Amino acid sequence: MTTTKQCSACKALKDVSCYGSDASRSDGREHRCRACIARKNRDAYRKRRGALGATYRARGRQLMTNENLLFLAKDKSQN
Ligand SMILES: [Zn+2]
């Protein structure tokens with residue numbers, strides 16, 4: 001007997017073996033097929049990386065600015 005389940009993301013009817021297990025679900029399977037989970041994880045990873053990259057760049061620029069200001073201030077007080 002083959003049990004199929006509709007993926008809530010791509011709406012395709014797939015065999016339950018195409019879904020990962022999720023004990024918190026009533027049927028013990030995730031509501032999205034593995035392909036959709038993989039795609040979502042990939043997108044989330046890219047988004048996260050993109051956001052982190054932007055944060056690091058912004059932070060780096062901020063640090064540079066503060067360090068330069070401190071350096072300039074020290075330099076002035078020494079002279
Ligand atoms: Zn799917």
# chains A, B, ... in the order shown; residues from 1 in each chain; ligands from 1

call {"tool": "closest_atom_pairs", "arguments": {"of": "chain A", "to": "ligand 1", "cutoff": "8 Å", "atoms": "only C-alpha atoms and all ligand atoms", "output": "tab-separated table"}}
result
residue	atom	partner	partner_atom_place_in_ligand_line	distance
A:Gln6	CA	ligand 1	1 (Zn)	7.9
A:Cys7	CA	ligand 1	1 (Zn)	4.6
A:Ser8	CA	ligand 1	1 (Zn)	6.6
A:Ala9	CA	ligand 1	1 (Zn)	5.0
A:Cys10	CA	ligand 1	1 (Zn)	4.1
A:Lys11	CA	ligand 1	1 (Zn)	6.3
A:Ala12	CA	ligand 1	1 (Zn)	6.1
A:Arg32	CA	ligand 1	1 (Zn)	5.2
A:Cys33	CA	ligand 1	1 (Zn)	4.2
A:Arg34	CA	ligand 1	1 (Zn)	6.8
A:Ala35	CA	ligand 1	1 (Zn)	5.8
A:Cys36	CA	ligand 1	1 (Zn)	4.4
A:Ile37	CA	ligand 1	1 (Zn)	7.5

call {"tool": "atom_distance", "arguments": {"atom1": "atom CA of Ser17 of chain A", "atom2": "atom CA of Asn41 of chain A"}}
result
19.1 Å
